Structures are given as C-alpha cells and as structure tokens.
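Shown below: work-v4.cif, with mmCIF, C-alpha atoms and all ligand atoms.
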data_start
#
loop_
_atom_site.group_PDB
_atom_site.id
_atom_site.type_symbol
_atom_site.label_atom_id
_atom_site.label_comp_id
_atom_site.auth_asym_id
_atom_site.auth_seq_id
_atom_site.Cartn_x
_atom_site.Cartn_y
_atom_site.Cartn_z
ATOM 1 C CA MET A 1 4.430 -22.953 30.968
ATOM 2 C CA THR A 2 2.008 -25.465 29.452
ATOM 3 C CA LYS A 3 2.726 -26.289 25.835
ATOM 4 C CA HIS A 4 0.857 -23.873 23.563
ATOM 5 C CA ASP A 5 -0.137 -25.058 20.089
ATOM 6 C CA PHE A 6 1.073 -22.069 18.081
ATOM 7 C CA LEU A 7 0.651 -23.992 14.816
ATOM 8 C CA ALA A 8 -3.097 -23.943 15.400
ATOM 9 C CA THR A 9 -3.161 -20.115 15.346
ATOM 10 C CA THR A 10 -5.577 -18.564 12.877
ATOM 11 C CA ILE A 11 -4.038 -15.607 11.060
ATOM 12 C CA HIS A 12 -6.625 -12.845 10.629
ATOM 13 C CA LEU A 13 -6.617 -10.132 7.970
ATOM 14 C CA LEU A 14 -7.919 -6.881 9.454
ATOM 15 C CA ALA A 15 -8.980 -4.106 7.081
ATOM 16 C CA PRO A 16 -10.164 -0.782 8.527
ATOM 17 C CA GLN A 17 -13.872 -0.089 8.024
ATOM 18 C CA GLY A 18 -14.537 3.423 9.283
ATOM 19 C CA TRP A 19 -12.576 5.740 6.957
ATOM 20 C CA GLU A 20 -14.120 8.587 4.998
ATOM 21 C CA ASP A 21 -10.912 10.601 4.646
ATOM 22 C CA TYR A 22 -8.732 7.781 3.345
ATOM 23 C CA GLU A 23 -9.036 5.505 0.320
ATOM 24 C CA LEU A 24 -6.643 3.144 -1.390
ATOM 25 C CA LEU A 25 -7.890 4.025 -4.849
ATOM 26 C CA ASP A 26 -5.727 1.675 -6.881
ATOM 27 C CA SER A 27 -2.495 -0.288 -6.819
ATOM 28 C CA GLY A 28 -0.246 -1.949 -9.353
ATOM 29 C CA LYS A 29 3.119 -1.821 -11.082
ATOM 30 C CA GLY A 30 4.841 -1.414 -7.710
ATOM 31 C CA LYS A 31 2.835 1.649 -6.647
ATOM 32 C CA THR A 32 -0.242 2.704 -4.709
ATOM 33 C CA LEU A 33 -2.643 5.551 -5.448
ATOM 34 C CA GLU A 34 -4.100 6.771 -2.149
ATOM 35 C CA ARG A 35 -6.371 9.597 -1.095
ATOM 36 C CA PHE A 36 -5.468 11.193 2.225
ATOM 37 C CA GLY A 37 -8.253 13.724 2.772
ATOM 38 C CA LYS A 38 -8.079 16.319 0.028
ATOM 39 C CA HIS A 39 -4.812 15.062 -1.462
ATOM 40 C CA ILE A 40 -3.977 12.104 -3.660
ATOM 41 C CA LEU A 41 -0.532 10.559 -3.295
ATOM 42 C CA ILE A 42 1.446 7.950 -5.195
ATOM 43 C CA ARG A 43 3.832 5.835 -3.102
ATOM 44 C CA PRO A 44 6.049 2.911 -4.027
ATOM 45 C CA GLU A 45 4.617 -0.443 -2.910
ATOM 46 C CA PRO A 46 6.667 -3.513 -3.854
ATOM 47 C CA GLN A 47 3.747 -5.806 -2.939
ATOM 48 C CA ALA A 48 1.692 -4.412 -5.825
ATOM 49 C CA VAL A 49 3.022 -6.879 -8.392
ATOM 50 C CA TRP A 50 -0.200 -6.835 -10.443
ATOM 51 C CA GLU A 51 -1.310 -4.413 -13.174
ATOM 52 C CA LYS A 52 -2.946 -1.092 -12.310
ATOM 53 C CA THR A 53 -6.721 -1.167 -12.745
ATOM 54 C CA LEU A 54 -7.540 2.526 -13.109
ATOM 55 C CA LYS A 55 -6.646 4.465 -16.244
ATOM 56 C CA PRO A 56 -3.541 6.696 -16.441
ATOM 57 C CA GLU A 57 -5.834 9.781 -16.410
ATOM 58 C CA VAL A 58 -6.889 8.857 -12.868
ATOM 59 C CA TRP A 59 -3.282 8.351 -11.694
ATOM 60 C CA ASP A 60 -2.480 11.726 -13.296
ATOM 61 C CA LYS A 61 -4.772 13.343 -10.714
ATOM 62 C CA ALA A 62 -2.188 12.709 -7.958
ATOM 63 C CA ASP A 63 -0.890 15.794 -6.146
ATOM 64 C CA ALA A 64 2.480 14.329 -5.141
ATOM 65 C CA MET A 65 4.561 11.249 -5.750
ATOM 66 C CA MET A 66 7.177 9.717 -3.522
ATOM 67 C CA VAL A 67 10.202 9.422 -5.766
ATOM 68 C CA GLU A 68 12.970 8.065 -3.652
ATOM 69 C CA GLU A 69 13.059 5.865 -0.594
ATOM 70 C CA LYS A 70 16.019 6.196 1.707
ATOM 71 C CA ALA A 71 17.156 4.081 4.621
ATOM 72 C CA GLU A 72 14.943 4.009 7.732
ATOM 73 C CA TYR A 73 11.755 5.432 6.217
ATOM 74 C CA GLY A 74 13.439 8.463 4.591
ATOM 75 C CA ALA A 75 11.931 9.635 1.314
ATOM 76 C CA SER A 76 11.667 12.548 -1.045
ATOM 77 C CA TRP A 77 8.520 13.783 -2.759
ATOM 78 C CA ARG A 78 7.895 15.271 -6.187
ATOM 79 C CA PHE A 79 5.028 17.743 -6.183
ATOM 80 C CA LEU A 80 2.848 17.311 -9.255
ATOM 81 C CA LYS A 81 0.419 20.079 -8.298
ATOM 82 C CA PRO A 82 0.902 23.103 -6.054
ATOM 83 C CA ILE A 83 -0.117 21.769 -2.638
ATOM 84 C CA GLU A 84 0.598 22.761 0.936
ATOM 85 C CA LYS A 85 2.874 20.348 2.802
ATOM 86 C CA SER A 86 0.500 19.834 5.720
ATOM 87 C CA TRP A 87 -3.257 19.530 5.829
ATOM 88 C CA GLU A 88 -6.016 18.343 8.132
ATOM 89 C CA MET A 89 -7.675 14.966 8.074
ATOM 90 C CA SER A 90 -10.184 13.220 10.294
ATOM 91 C CA TYR A 91 -11.153 9.743 11.398
ATOM 92 C CA LYS A 92 -14.602 9.687 13.029
ATOM 93 C CA ASN A 93 -14.276 12.359 15.795
ATOM 94 C CA LEU A 94 -10.473 12.519 15.640
ATOM 95 C CA ARG A 95 -8.744 15.303 13.754
ATOM 96 C CA PHE A 96 -5.095 15.356 12.863
ATOM 97 C CA GLN A 97 -2.516 16.872 10.613
ATOM 98 C CA ALA A 98 -0.944 14.980 7.721
ATOM 99 C CA GLN A 99 2.490 16.190 6.623
ATOM 100 C CA LEU A 100 4.676 15.598 3.603
ATOM 101 C CA ALA A 101 8.214 15.710 4.906
ATOM 102 C CA ASN A 102 11.388 13.782 4.194
ATOM 103 C CA SER A 103 9.749 10.507 5.153
ATOM 104 C CA ARG A 104 7.439 7.958 3.578
ATOM 105 C CA HIS A 105 5.304 8.329 6.722
ATOM 106 C CA ILE A 106 2.873 11.201 6.583
ATOM 107 C CA GLY A 107 1.487 11.022 10.126
ATOM 108 C CA VAL A 108 -1.182 8.378 9.720
ATOM 109 C CA PHE A 109 -1.127 4.630 9.159
ATOM 110 C CA PRO A 110 -4.697 4.096 7.899
ATOM 111 C CA GLU A 111 -4.645 0.340 8.554
ATOM 112 C CA MET A 112 -4.207 1.070 12.277
ATOM 113 C CA ALA A 113 -7.809 2.283 12.485
ATOM 114 C CA SER A 114 -8.926 -1.324 13.078
ATOM 115 C CA ASN A 115 -7.009 -1.234 16.372
ATOM 116 C CA TRP A 116 -8.238 2.245 17.365
ATOM 117 C CA ASP A 117 -11.851 1.033 17.047
ATOM 118 C CA TRP A 118 -11.099 -2.147 18.996
ATOM 119 C CA MET A 119 -9.417 -0.259 21.865
ATOM 120 C CA GLU A 120 -12.181 2.355 21.972
ATOM 121 C CA ASN A 121 -14.811 -0.362 22.247
ATOM 122 C CA ARG A 122 -12.969 -2.124 25.036
ATOM 123 C CA ILE A 123 -12.433 1.093 27.011
ATOM 124 C CA ARG A 124 -16.090 2.112 26.674
ATOM 125 C CA LYS A 125 -17.274 -1.401 27.565
ATOM 126 C CA ALA A 126 -15.104 -1.468 30.692
ATOM 127 C CA ALA A 127 -17.014 1.597 31.964
ATOM 128 C CA LYS A 128 -14.480 2.250 34.743
ATOM 129 C CA PRO A 129 -11.357 4.391 35.195
ATOM 130 C CA PHE A 130 -8.949 3.152 32.543
ATOM 131 C CA LYS A 131 -5.247 3.938 32.118
ATOM 132 C CA VAL A 132 -3.552 3.318 28.775
ATOM 133 C CA LEU A 133 0.175 3.367 27.999
ATOM 134 C CA ASN A 134 1.058 4.156 24.373
ATOM 135 C CA LEU A 135 4.703 3.338 23.609
ATOM 136 C CA PHE A 136 6.353 4.645 20.402
ATOM 137 C CA GLY A 137 3.287 6.879 20.071
ATOM 138 C CA TYR A 138 4.364 8.844 16.919
ATOM 139 C CA SER A 139 1.672 11.351 15.802
ATOM 140 C CA GLY A 140 -0.645 10.170 18.557
ATOM 141 C CA LEU A 141 -3.690 8.717 16.837
ATOM 142 C CA ALA A 142 -3.908 5.696 19.178
ATOM 143 C CA THR A 143 -3.583 8.120 22.097
ATOM 144 C CA LEU A 144 -6.430 10.257 20.749
ATOM 145 C CA ALA A 145 -8.667 7.226 20.138
ATOM 146 C CA CYS A 146 -8.157 5.962 23.708
ATOM 147 C CA ALA A 147 -8.538 9.459 25.222
ATOM 148 C CA GLU A 148 -11.727 10.006 23.254
ATOM 149 C CA ALA A 149 -13.120 6.770 24.693
ATOM 150 C CA GLY A 150 -12.456 8.119 28.203
ATOM 151 C CA ALA A 151 -9.048 6.650 29.093
ATOM 152 C CA GLU A 152 -6.237 8.473 30.853
ATOM 153 C CA VAL A 153 -3.295 8.057 28.479
ATOM 154 C CA THR A 154 0.483 8.121 28.921
ATOM 155 C CA HIS A 155 2.041 8.783 25.527
ATOM 156 C CA VAL A 156 5.750 7.988 25.108
ATOM 157 C CA ASP A 157 7.983 8.794 22.145
ATOM 158 C CA ALA A 158 11.697 9.561 21.921
ATOM 159 C CA SER A 159 11.180 12.279 19.321
ATOM 160 C CA LYS A 160 10.258 15.758 20.571
ATOM 161 C CA HIS A 161 8.961 16.544 17.086
ATOM 162 C CA ALA A 162 6.576 13.544 17.284
ATOM 163 C CA ILE A 163 5.394 14.604 20.765
ATOM 164 C CA THR A 164 4.682 18.153 19.544
ATOM 165 C CA TRP A 165 2.791 16.769 16.558
ATOM 166 C CA ALA A 166 0.724 14.382 18.724
ATOM 167 C CA ASN A 167 -0.061 17.195 21.149
ATOM 168 C CA TYR A 168 -1.149 19.397 18.240
ATOM 169 C CA ASN A 169 -3.483 16.603 17.043
ATOM 170 C CA TYR A 170 -4.869 16.222 20.574
ATOM 171 C CA LYS A 171 -5.801 19.913 20.662
ATOM 172 C CA LEU A 172 -7.131 19.811 17.108
ATOM 173 C CA SER A 173 -9.427 16.967 18.192
ATOM 174 C CA GLY A 174 -10.716 19.056 21.103
ATOM 175 C CA LEU A 175 -9.599 16.474 23.655
ATOM 176 C CA GLU A 176 -7.828 18.813 26.109
ATOM 177 C CA LYS A 177 -10.228 17.818 28.884
ATOM 178 C CA GLN A 178 -9.017 14.218 28.654
ATOM 179 C CA PRO A 179 -5.834 13.708 30.710
ATOM 180 C CA VAL A 180 -2.798 12.788 28.606
ATOM 181 C CA ARG A 181 0.808 12.685 29.912
ATOM 182 C CA TRP A 182 3.333 13.438 27.177
ATOM 183 C CA ILE A 183 6.704 11.756 27.804
ATOM 184 C CA ALA A 184 9.750 12.303 25.570
ATOM 185 C CA GLU A 185 11.863 9.306 26.520
ATOM 186 C CA ASP A 186 13.195 5.942 25.440
ATOM 187 C CA ALA A 187 10.197 3.584 25.525
ATOM 188 C CA LEU A 188 11.966 0.671 27.221
ATOM 189 C CA LYS A 189 13.655 2.873 29.813
ATOM 190 C CA PHE A 190 10.334 4.531 30.671
ATOM 191 C CA ALA A 191 8.441 1.213 30.858
ATOM 192 C CA GLU A 192 11.058 -0.314 33.168
ATOM 193 C CA ARG A 193 11.061 2.742 35.442
ATOM 194 C CA GLU A 194 7.253 2.747 35.589
ATOM 195 C CA MET A 195 7.374 -0.926 36.564
ATOM 196 C CA ARG A 196 9.850 -0.229 39.394
ATOM 197 C CA ARG A 197 7.526 2.535 40.625
ATOM 198 C CA GLY A 198 4.687 -0.007 40.755
ATOM 199 C CA SER A 199 2.507 1.835 38.207
ATOM 200 C CA LYS A 200 -0.292 -0.199 36.633
ATOM 201 C CA TYR A 201 -2.255 0.201 33.405
ATOM 202 C CA GLN A 202 -5.428 -1.441 32.132
ATOM 203 C CA GLY A 203 -4.326 -1.185 28.501
ATOM 204 C CA ILE A 204 -1.025 -0.993 26.601
ATOM 205 C CA VAL A 205 -0.588 -0.211 22.915
ATOM 206 C CA LEU A 206 2.820 -0.379 21.299
ATOM 207 C CA ASP A 207 4.168 -0.015 17.791
ATOM 208 C CA PRO A 208 7.886 -0.679 18.132
ATOM 209 C CA PRO A 209 9.877 0.102 14.982
ATOM 210 C CA LYS A 210 12.578 -2.190 13.661
ATOM 211 C CA PHE A 211 15.275 0.259 14.706
ATOM 212 C CA GLY A 212 15.063 3.470 16.684
ATOM 213 C CA ARG A 213 16.869 5.713 19.112
ATOM 214 C CA GLY A 214 15.923 6.847 22.594
ATOM 215 C CA THR A 215 16.380 10.446 23.774
ATOM 216 C CA SER A 216 19.870 9.682 25.080
ATOM 217 C CA GLY A 217 20.877 7.639 22.041
ATOM 218 C CA GLU A 218 19.648 4.303 23.449
ATOM 219 C CA VAL A 219 19.472 1.835 20.561
ATOM 220 C CA TRP A 220 16.097 0.198 19.982
ATOM 221 C CA ASP A 221 16.579 -3.028 18.030
ATOM 222 C CA PHE A 222 13.323 -4.970 17.726
ATOM 223 C CA PHE A 223 14.767 -8.476 17.828
ATOM 224 C CA LYS A 224 17.126 -7.757 20.708
ATOM 225 C CA LYS A 225 14.878 -5.632 22.908
ATOM 226 C CA ILE A 226 11.382 -7.031 22.443
ATOM 227 C CA PRO A 227 11.701 -9.656 25.232
ATOM 228 C CA GLU A 228 12.687 -6.999 27.809
ATOM 229 C CA LEU A 229 9.929 -4.705 26.647
ATOM 230 C CA MET A 230 7.344 -7.504 26.818
ATOM 231 C CA ARG A 231 8.432 -8.321 30.388
ATOM 232 C CA ALA A 232 8.074 -4.675 31.370
ATOM 233 C CA CYS A 233 4.628 -4.495 29.746
ATOM 234 C CA ARG A 234 3.562 -7.608 31.662
ATOM 235 C CA GLY A 235 4.689 -5.957 34.890
ATOM 236 C CA LEU A 236 2.687 -2.836 34.059
ATOM 237 C CA LEU A 237 -0.570 -4.668 33.412
ATOM 238 C CA GLY A 238 -2.470 -4.923 36.681
ATOM 239 C CA ASN A 239 -4.769 -7.747 37.802
ATOM 240 C CA ASP A 240 -7.609 -5.875 36.144
ATOM 241 C CA ALA A 241 -5.687 -5.545 32.839
ATOM 242 C CA ASP A 242 -7.975 -5.418 29.845
ATOM 243 C CA PHE A 243 -5.795 -5.324 26.706
ATOM 244 C CA MET A 244 -2.417 -5.144 25.047
ATOM 245 C CA VAL A 245 -2.041 -4.398 21.329
ATOM 246 C CA ILE A 246 1.281 -4.770 19.580
ATOM 247 C CA THR A 247 2.001 -4.048 15.937
ATOM 248 C CA ALA A 248 5.219 -4.509 13.997
ATOM 249 C CA TYR A 249 6.090 -3.022 10.630
ATOM 250 C CA ALA A 250 8.997 -3.895 8.370
ATOM 251 C CA ILE A 251 9.959 -6.970 10.364
ATOM 252 C CA ARG A 252 10.959 -10.077 8.456
ATOM 253 C CA ALA A 253 9.082 -12.661 10.476
ATOM 254 C CA SER A 254 5.799 -14.467 10.741
ATOM 255 C CA ALA A 255 3.047 -12.725 12.688
ATOM 256 C CA LEU A 256 3.458 -15.662 15.060
ATOM 257 C CA LEU A 257 6.617 -13.985 16.342
ATOM 258 C CA ILE A 258 4.672 -11.363 18.283
ATOM 259 C CA GLU A 259 1.919 -13.841 19.218
ATOM 260 C CA GLN A 260 4.632 -15.967 20.852
ATOM 261 C CA ALA A 261 6.282 -12.966 22.513
ATOM 262 C CA VAL A 262 2.903 -12.026 24.030
ATOM 263 C CA VAL A 263 2.031 -15.574 25.151
ATOM 264 C CA GLU A 264 5.523 -15.820 26.678
ATOM 265 C CA VAL A 265 4.633 -13.107 29.178
ATOM 266 C CA MET A 266 0.851 -13.457 29.484
ATOM 267 C CA GLY A 267 0.786 -17.272 29.638
ATOM 268 C CA GLU A 268 -2.617 -18.844 29.018
ATOM 269 C CA ARG A 269 -4.423 -15.968 30.689
ATOM 270 C CA GLY A 270 -6.981 -14.133 28.502
ATOM 271 C CA LYS A 271 -6.974 -14.578 24.746
ATOM 272 C CA THR A 272 -4.905 -13.464 21.795
ATOM 273 C CA GLU A 273 -5.747 -12.628 18.212
ATOM 274 C CA THR A 274 -2.996 -12.407 15.621
ATOM 275 C CA GLY A 275 -2.718 -11.441 12.007
ATOM 276 C CA GLU A 276 -1.963 -8.722 9.506
ATOM 277 C CA LEU A 277 -3.233 -5.167 9.209
ATOM 278 C CA VAL A 278 -4.161 -4.673 5.578
ATOM 279 C CA THR A 279 -5.756 -2.194 3.216
ATOM 280 C CA VAL A 280 -7.798 -3.167 0.177
ATOM 281 C CA ASP A 281 -7.782 -1.240 -3.089
ATOM 282 C CA LYS A 282 -11.185 -0.019 -4.230
ATOM 283 C CA SER A 283 -10.495 -0.690 -7.876
ATOM 284 C CA ALA A 284 -9.860 -4.452 -7.873
ATOM 285 C CA GLY A 285 -9.955 -5.601 -4.258
ATOM 286 C CA HIS A 286 -6.206 -6.292 -4.042
ATOM 287 C CA VAL A 287 -5.007 -6.686 -0.475
ATOM 288 C CA ILE A 288 -1.820 -4.987 0.734
ATOM 289 C CA SER A 289 -0.348 -6.069 4.036
ATOM 290 C CA HIS A 290 1.308 -3.395 6.191
ATOM 291 C CA ALA A 291 2.007 -4.812 9.610
ATOM 292 C CA MET A 292 1.591 -7.818 11.812
ATOM 293 C CA TYR A 293 -0.456 -7.472 14.964
ATOM 294 C CA THR A 294 -1.298 -9.375 18.127
ATOM 295 C CA ARG A 295 -4.074 -8.251 20.432
ATOM 296 C CA TRP A 296 -4.298 -9.712 23.891
ATOM 297 C CA SER A 297 -7.494 -9.189 25.846
ATOM 298 C CA LYS A 298 -8.716 -10.439 29.173
ATOM 299 C CA ASP A 299 -11.810 -12.004 27.542
HETATM 300 C C1 LIG B 301 5.337 4.398 15.555
HETATM 301 S S1 LIG B 301 6.951 3.784 15.515
HETATM 302 C C2 LIG B 301 6.965 2.796 14.127
HETATM 303 C C3 LIG B 301 6.565 3.467 12.881
HETATM 304 C C4 LIG B 301 5.959 2.586 11.879
HETATM 305 N N1 LIG B 301 4.792 1.903 12.409
HETATM 306 C C5 LIG B 301 6.924 1.665 11.188
HETATM 307 O O1 LIG B 301 6.767 1.491 9.984
HETATM 308 O O2 LIG B 301 7.866 1.154 11.766
HETATM 309 C C6 LIG B 301 7.880 5.149 15.154
HETATM 310 C C7 LIG B 301 7.965 6.030 16.386
HETATM 311 O O3 LIG B 301 8.797 5.423 17.354
HETATM 312 C C8 LIG B 301 9.601 6.430 17.923
HETATM 313 N N2 LIG B 301 10.794 5.806 18.504
HETATM 314 C C9 LIG B 301 11.829 5.222 17.880
HETATM 315 N N3 LIG B 301 12.714 4.711 18.771
HETATM 316 C C10 LIG B 301 12.216 4.975 20.003
HETATM 317 C C11 LIG B 301 12.648 4.685 21.321
HETATM 318 N N4 LIG B 301 13.787 4.043 21.551
HETATM 319 N N5 LIG B 301 11.857 5.069 22.356
HETATM 320 C C12 LIG B 301 10.700 5.731 22.123
HETATM 321 N N6 LIG B 301 10.247 6.047 20.892
HETATM 322 C C13 LIG B 301 10.993 5.677 19.846
HETATM 323 C C14 LIG B 301 9.889 7.385 16.773
HETATM 324 O O4 LIG B 301 10.228 8.670 17.258
HETATM 325 C C15 LIG B 301 8.570 7.368 16.004
HETATM 326 O O5 LIG B 301 7.714 8.414 16.410
#

Please express the file's structure as structure tokens.
Amino acid sequence: MTKHDFLATTIHLLAPQGWEDYELLDSGKGKTLERFGKHILIRPEPQAVWEKTLKPEVWDKADAMMVEEKAEYGASWRFLKPIEKSWEMSYKNLRFQAQLANSRHIGVFPEMASNWDWMENRIRKAAKPFKVLNLFGYSGLATLACAEAGAEVTHVDASKHAITWANYNYKLSGLEKQPVRWIAEDALKFAEREMRRGSKYQGIVLDPPKFGRGTSGEVWDFFKKIPELMRACRGLLGNDADFMVITAYAIRASALLIEQAVVEVMGERGKTETGELVTVDKSAGHVISHAMYTRWSKD
C-alpha cells in the first residue's frame, strides 16, 4: 500500500438539512430539548456544558424526560404528560414509528439523515440496478431511504424485534413494491457467508455498535471485529461498487479510525470523506456531535 497522508484529512461536520418532523430546540445544563414529530423529549446530553437558552416555560412543555441511563443504551422515561408510547413520524417520503421503550434510542437517529440523502442521490444518479447491504439495520431508515431511491436492499440485524420494527416502517412508507430481504443474523457471519457465495453489492451501509450480540450469542466488539468486517465488506463490493458508508457511535477514538479502516481495504481507489454527524440547536446554534462517519465513493 502506498503511504497515505491521514494527517491531511479534513474532518467535516455534517448536519441534516431536510427535517420537518425533528428539531433540536435547545440544549444546556447537560440536557437536550428535542421535538420528535408531535412529542417533545428531554434527554441527558453530557456535551451540553453551556447554559440553556430557552426559558423554563418552554422546557416545561416536554412530554417525557429520560431520567436514568443504564448500561448499553438502557434508559427509563418519566412521562410528564399523558402520551402514547409510540407515534408516527416522517422524513421526506419515509414514514416510521418512534417508540419510547427502555432505551435512550427511540427508533430514529436524526443526524443520520445526511447519509440517507447522500445514498439516495448516489443510487438515483447511478440509474442502474443497484444492490445495497445494510448491516446492523435497526429500525430500518437507511433501508427505506435506499429502497425509495430504487435499490434492492438486504437488511441485516440480530434482533428480531428490530427486524419487525423495520418491516413495519417499510410498509408504513408504502415501499412494499421495492424488494427488501430481511435477515435476522449476526452481521459479520452473514457478510462472510455472502462473500463466500460470491454475492456482490453496489452499496454498503453499516452502523456497528460498540458491543452487540448475534442471533446465536456471537459477540460483536467494535475494536476486535471491525477489521474482519471491513475485509468482508471489501469482498462484497463488486467492480462497479458505488459507495460504502460507515458510522460509529459511542466509540472513544478519532474519526480517523474508521477512515483508516476503510482505506485499509479500499486502498487509493475512489475517495473518502470523514467527519462527525452533528445536530445544531435552534436556540443558540450549539453543535452536538453524535457519531463519526466515513463515506467511501467511487468518484
Ligand atoms: C444500529 S446499531 C447501533 C446503534 C447506535 N447507532 C449506537 O448508538 O450505537 C444497533 C443495532 O445493531 C444490532 N446488532 C447488535 N449486534 C449485532 C450483531 N452482532 N449482528 C447484527 N446486528 C447486531 C442491534 O440489534 C441494533 O438493532
């Protein structure tokens, strides 16, 4: 491999532009005030070290507040108003269900919308049959965005609950005519088997968590398994590969970690863009970083 000048990498800050159903209304004092469709939620956010900008009366309008964070994304909610625990939201033509359960995650990571738009544009621009593999697909919004743009998507997640939820969102979005394969399996095991079968994809999107479990208890540990997964992804991208998008949440590392992991397998072919997925509060313009990302594209 020729020596790559990683120090010269520009770190981009990507904030989603297309939301009507989501707003980061305010942040401060270790919390965020966010609107998810018709509901306003307060969640802890250690990055919000500044003062709140909006008055207490506005914060008092929240419907629910996350009161306790537990290990591995667990959480409990205090309901401040009588609200249903699941409700519908939309992003452009995509419709999906948000849920308040025993988790800080409610079924949508708003900052991811920057990647959905980017993938949609690439798929539409390619104007040819396009297969996308979505690993660790969760509630399926990346799958829906790619399917809506015309791709044939393989959606993989170890959790049957997540697969059911993603499938529900797919139907809610009226995308049943777009072919999606739903696979409940360990992401690495599936990717390696697909590679042995000689399957090829034009696009891969993956959001590997820090820790996770496959369907048969396989341990997913980001730092230990990412090289194997990257090698499998490389093997699954055909000669006509168009993109790979990787995001990483809750990882203590520079965004350059995933840039380097991608360059390791893709070499100097195509180009990469690396940075952080952020949201910006409407009240004072404070930026909150949620994940690191690297996007590889053929051009
Ligand atoms: C989207 S990822 C990461 C979530 C989030 N972006 C975060 O903060 O880490 C979470 C998804 O990965 C799935 N998952 C965890 N371990 C897995 C594994 N070994 N194979 C496939 N899916 C897995 C979970 O079921 C969940 O739906």

query = Selected by the PyMOL selection byres (((chain A and resi 126) around 12) and not hetatm) in the shown coordinates: which residues, as a PyMOL selection string?
reply = chain A and resi 119-125+127-131+149-151+202-203+240-243+297-299

Written selection (C-alpha atoms) as a short mmCIF file (atom, residue, chain, number, x, y, z; two decimals), in the coordinates of the input:
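That gives us result_18.cif:
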data_model
loop_
_atom_site.label_atom_id
_atom_site.label_comp_id
_atom_site.auth_asym_id
_atom_site.auth_seq_id
_atom_site.Cartn_x
_atom_site.Cartn_y
_atom_site.Cartn_z
CA MET A 119 -9.42 -0.26 21.86
CA GLU A 120 -12.18 2.36 21.97
CA ASN A 121 -14.81 -0.36 22.25
CA ARG A 122 -12.97 -2.12 25.04
CA ILE A 123 -12.43 1.09 27.01
CA ARG A 124 -16.09 2.11 26.67
CA LYS A 125 -17.27 -1.40 27.56
CA ALA A 127 -17.01 1.60 31.96
CA LYS A 128 -14.48 2.25 34.74
CA PRO A 129 -11.36 4.39 35.20
CA PHE A 130 -8.95 3.15 32.54
CA LYS A 131 -5.25 3.94 32.12
CA ALA A 149 -13.12 6.77 24.69
CA GLY A 150 -12.46 8.12 28.20
CA ALA A 151 -9.05 6.65 29.09
CA GLN A 202 -5.43 -1.44 32.13
CA GLY A 203 -4.33 -1.18 28.50
CA ASP A 240 -7.61 -5.88 36.14
CA ALA A 241 -5.69 -5.54 32.84
CA ASP A 242 -7.98 -5.42 29.84
CA PHE A 243 -5.80 -5.32 26.71
CA SER A 297 -7.49 -9.19 25.85
CA LYS A 298 -8.72 -10.44 29.17
CA ASP A 299 -11.81 -12.00 27.54
#

task = Given the file shown, enumerate the residues that the PyMOL selection byres (((chain A and resi 55) around 12) and not hetatm) captures and present them as number ranges by chain.
result = A: 25-28, 33, 51-54, 56-61, 283

Restricting it to C-alpha atoms, dump the selection as an mmCIF file, in the coordinates of the input.
data_model
loop_
_atom_site.group_PDB
_atom_site.id
_atom_site.type_symbol
_atom_site.label_atom_id
_atom_site.label_comp_id
_atom_site.auth_asym_id
_atom_site.auth_seq_id
_atom_site.Cartn_x
_atom_site.Cartn_y
_atom_site.Cartn_z
ATOM 1 C CA LEU A 25 -7.890 4.025 -4.849
ATOM 2 C CA ASP A 26 -5.727 1.675 -6.881
ATOM 3 C CA SER A 27 -2.495 -0.288 -6.819
ATOM 4 C CA GLY A 28 -0.246 -1.949 -9.353
ATOM 5 C CA LEU A 33 -2.643 5.551 -5.448
ATOM 6 C CA GLU A 51 -1.310 -4.413 -13.174
ATOM 7 C CA LYS A 52 -2.946 -1.092 -12.310
ATOM 8 C CA THR A 53 -6.721 -1.167 -12.745
ATOM 9 C CA LEU A 54 -7.540 2.526 -13.109
ATOM 10 C CA PRO A 56 -3.541 6.696 -16.441
ATOM 11 C CA GLU A 57 -5.834 9.781 -16.410
ATOM 12 C CA VAL A 58 -6.889 8.857 -12.868
ATOM 13 C CA TRP A 59 -3.282 8.351 -11.694
ATOM 14 C CA ASP A 60 -2.480 11.726 -13.296
ATOM 15 C CA LYS A 61 -4.772 13.343 -10.714
ATOM 16 C CA SER A 283 -10.495 -0.690 -7.876
#

Axis-aligned box for stretch 35-38 of chain A, 6 Å per side, centre and edges in Å as JSON:
{"center_x": -6.9, "center_y": 13.0, "center_z": 0.8, "size_x": 14.8, "size_y": 18.7, "size_z": 15.9}

request  = Determine the residue membership of the PyMOL selection byres (((chain A and resi 267-279) around 6) and not hetatm) for the file above and supply it as a list of chain:residue names.
outcome  =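 Taken on the displayed file, the PyMOL selection byres (((chain A and resi 267-279) around 6) and not hetatm) yields the residues A:Ile11, A:His12, A:Leu13, A:Leu14, A:Ala15, A:Glu111, A:Ala255, A:Val263, A:Glu264, A:Val265, A:Met266, A:Val280, A:Val287, A:Ile288, A:Ser289, A:His290, A:Ala291, A:Met292, A:Tyr293, A:Thr294, A:Arg295, A:Trp296, A:Ser297, A:Lys298, A:Asp299.
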
task = Please provide as an MDAnalysis selection string all residues within 9 Å of A:Val153, with the sequence filter that same-chain residues fewer than 5 positions apart are discarded (counting only C-alpha atoms).
result = chainID A and resid 130:134 143:144 146:147 178:182

inquiry  = Here is a test: counting only C-alpha atoms, which residue of A:Ala98, A:Leu175, A:Ala142, A:Ala166 is nearest to A:Asn115?
reply    =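 Closest to A:Asn115 of all the choices is A:Ala142.
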
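Of the listed residues A:Tyr91, A:Phe222, A:Phe36, A:Trp165, the one whose atoms come nearest to A:Leu24 is A:Phe36, with distances taken using all atoms listed in the file.
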
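Among the candidates A:Thr32, A:Leu80, A:Gly140, A:Ile246, the residue lying nearest to A:Gln260 is A:Ile246 (atoms considered: only C-alpha atoms).
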
ask   = If I put a ball of radius 8 Å at (4.8, 0.0, -7.8) in the file's coordinates, which residues poke into it when counting all atoms listed in the file, written as a list in words?
value =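 Residues satisfying the cut-off, written out: Ser27, Gly28, Lys29, Gly30, Lys31, Thr32, Arg43, Pro44, Glu45, Pro46, Gln47, Ala48 and Val49 of chain A.
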
message = Would you pick out the contacts of stretch 101-103 of chain A at 9 Å or less, using all atoms listed in the file, so that residues sharing its chain but fewer than 5 positions from it are not included, and give the list as a PyMOL selection string?
response = chain A and resi 69-70+72-77+85-86

ask   = Out of A:Lys200, A:Lys171, A:His39, A:Arg78, which residue has the shortest atom-to-atom distance to A:Leu236 when counting only C-alpha atoms?
value = A:Lys200

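Taking atom CA of A:Ala191 as the reference point, atom CA of A:Ser216 is found at 15.4 Å.
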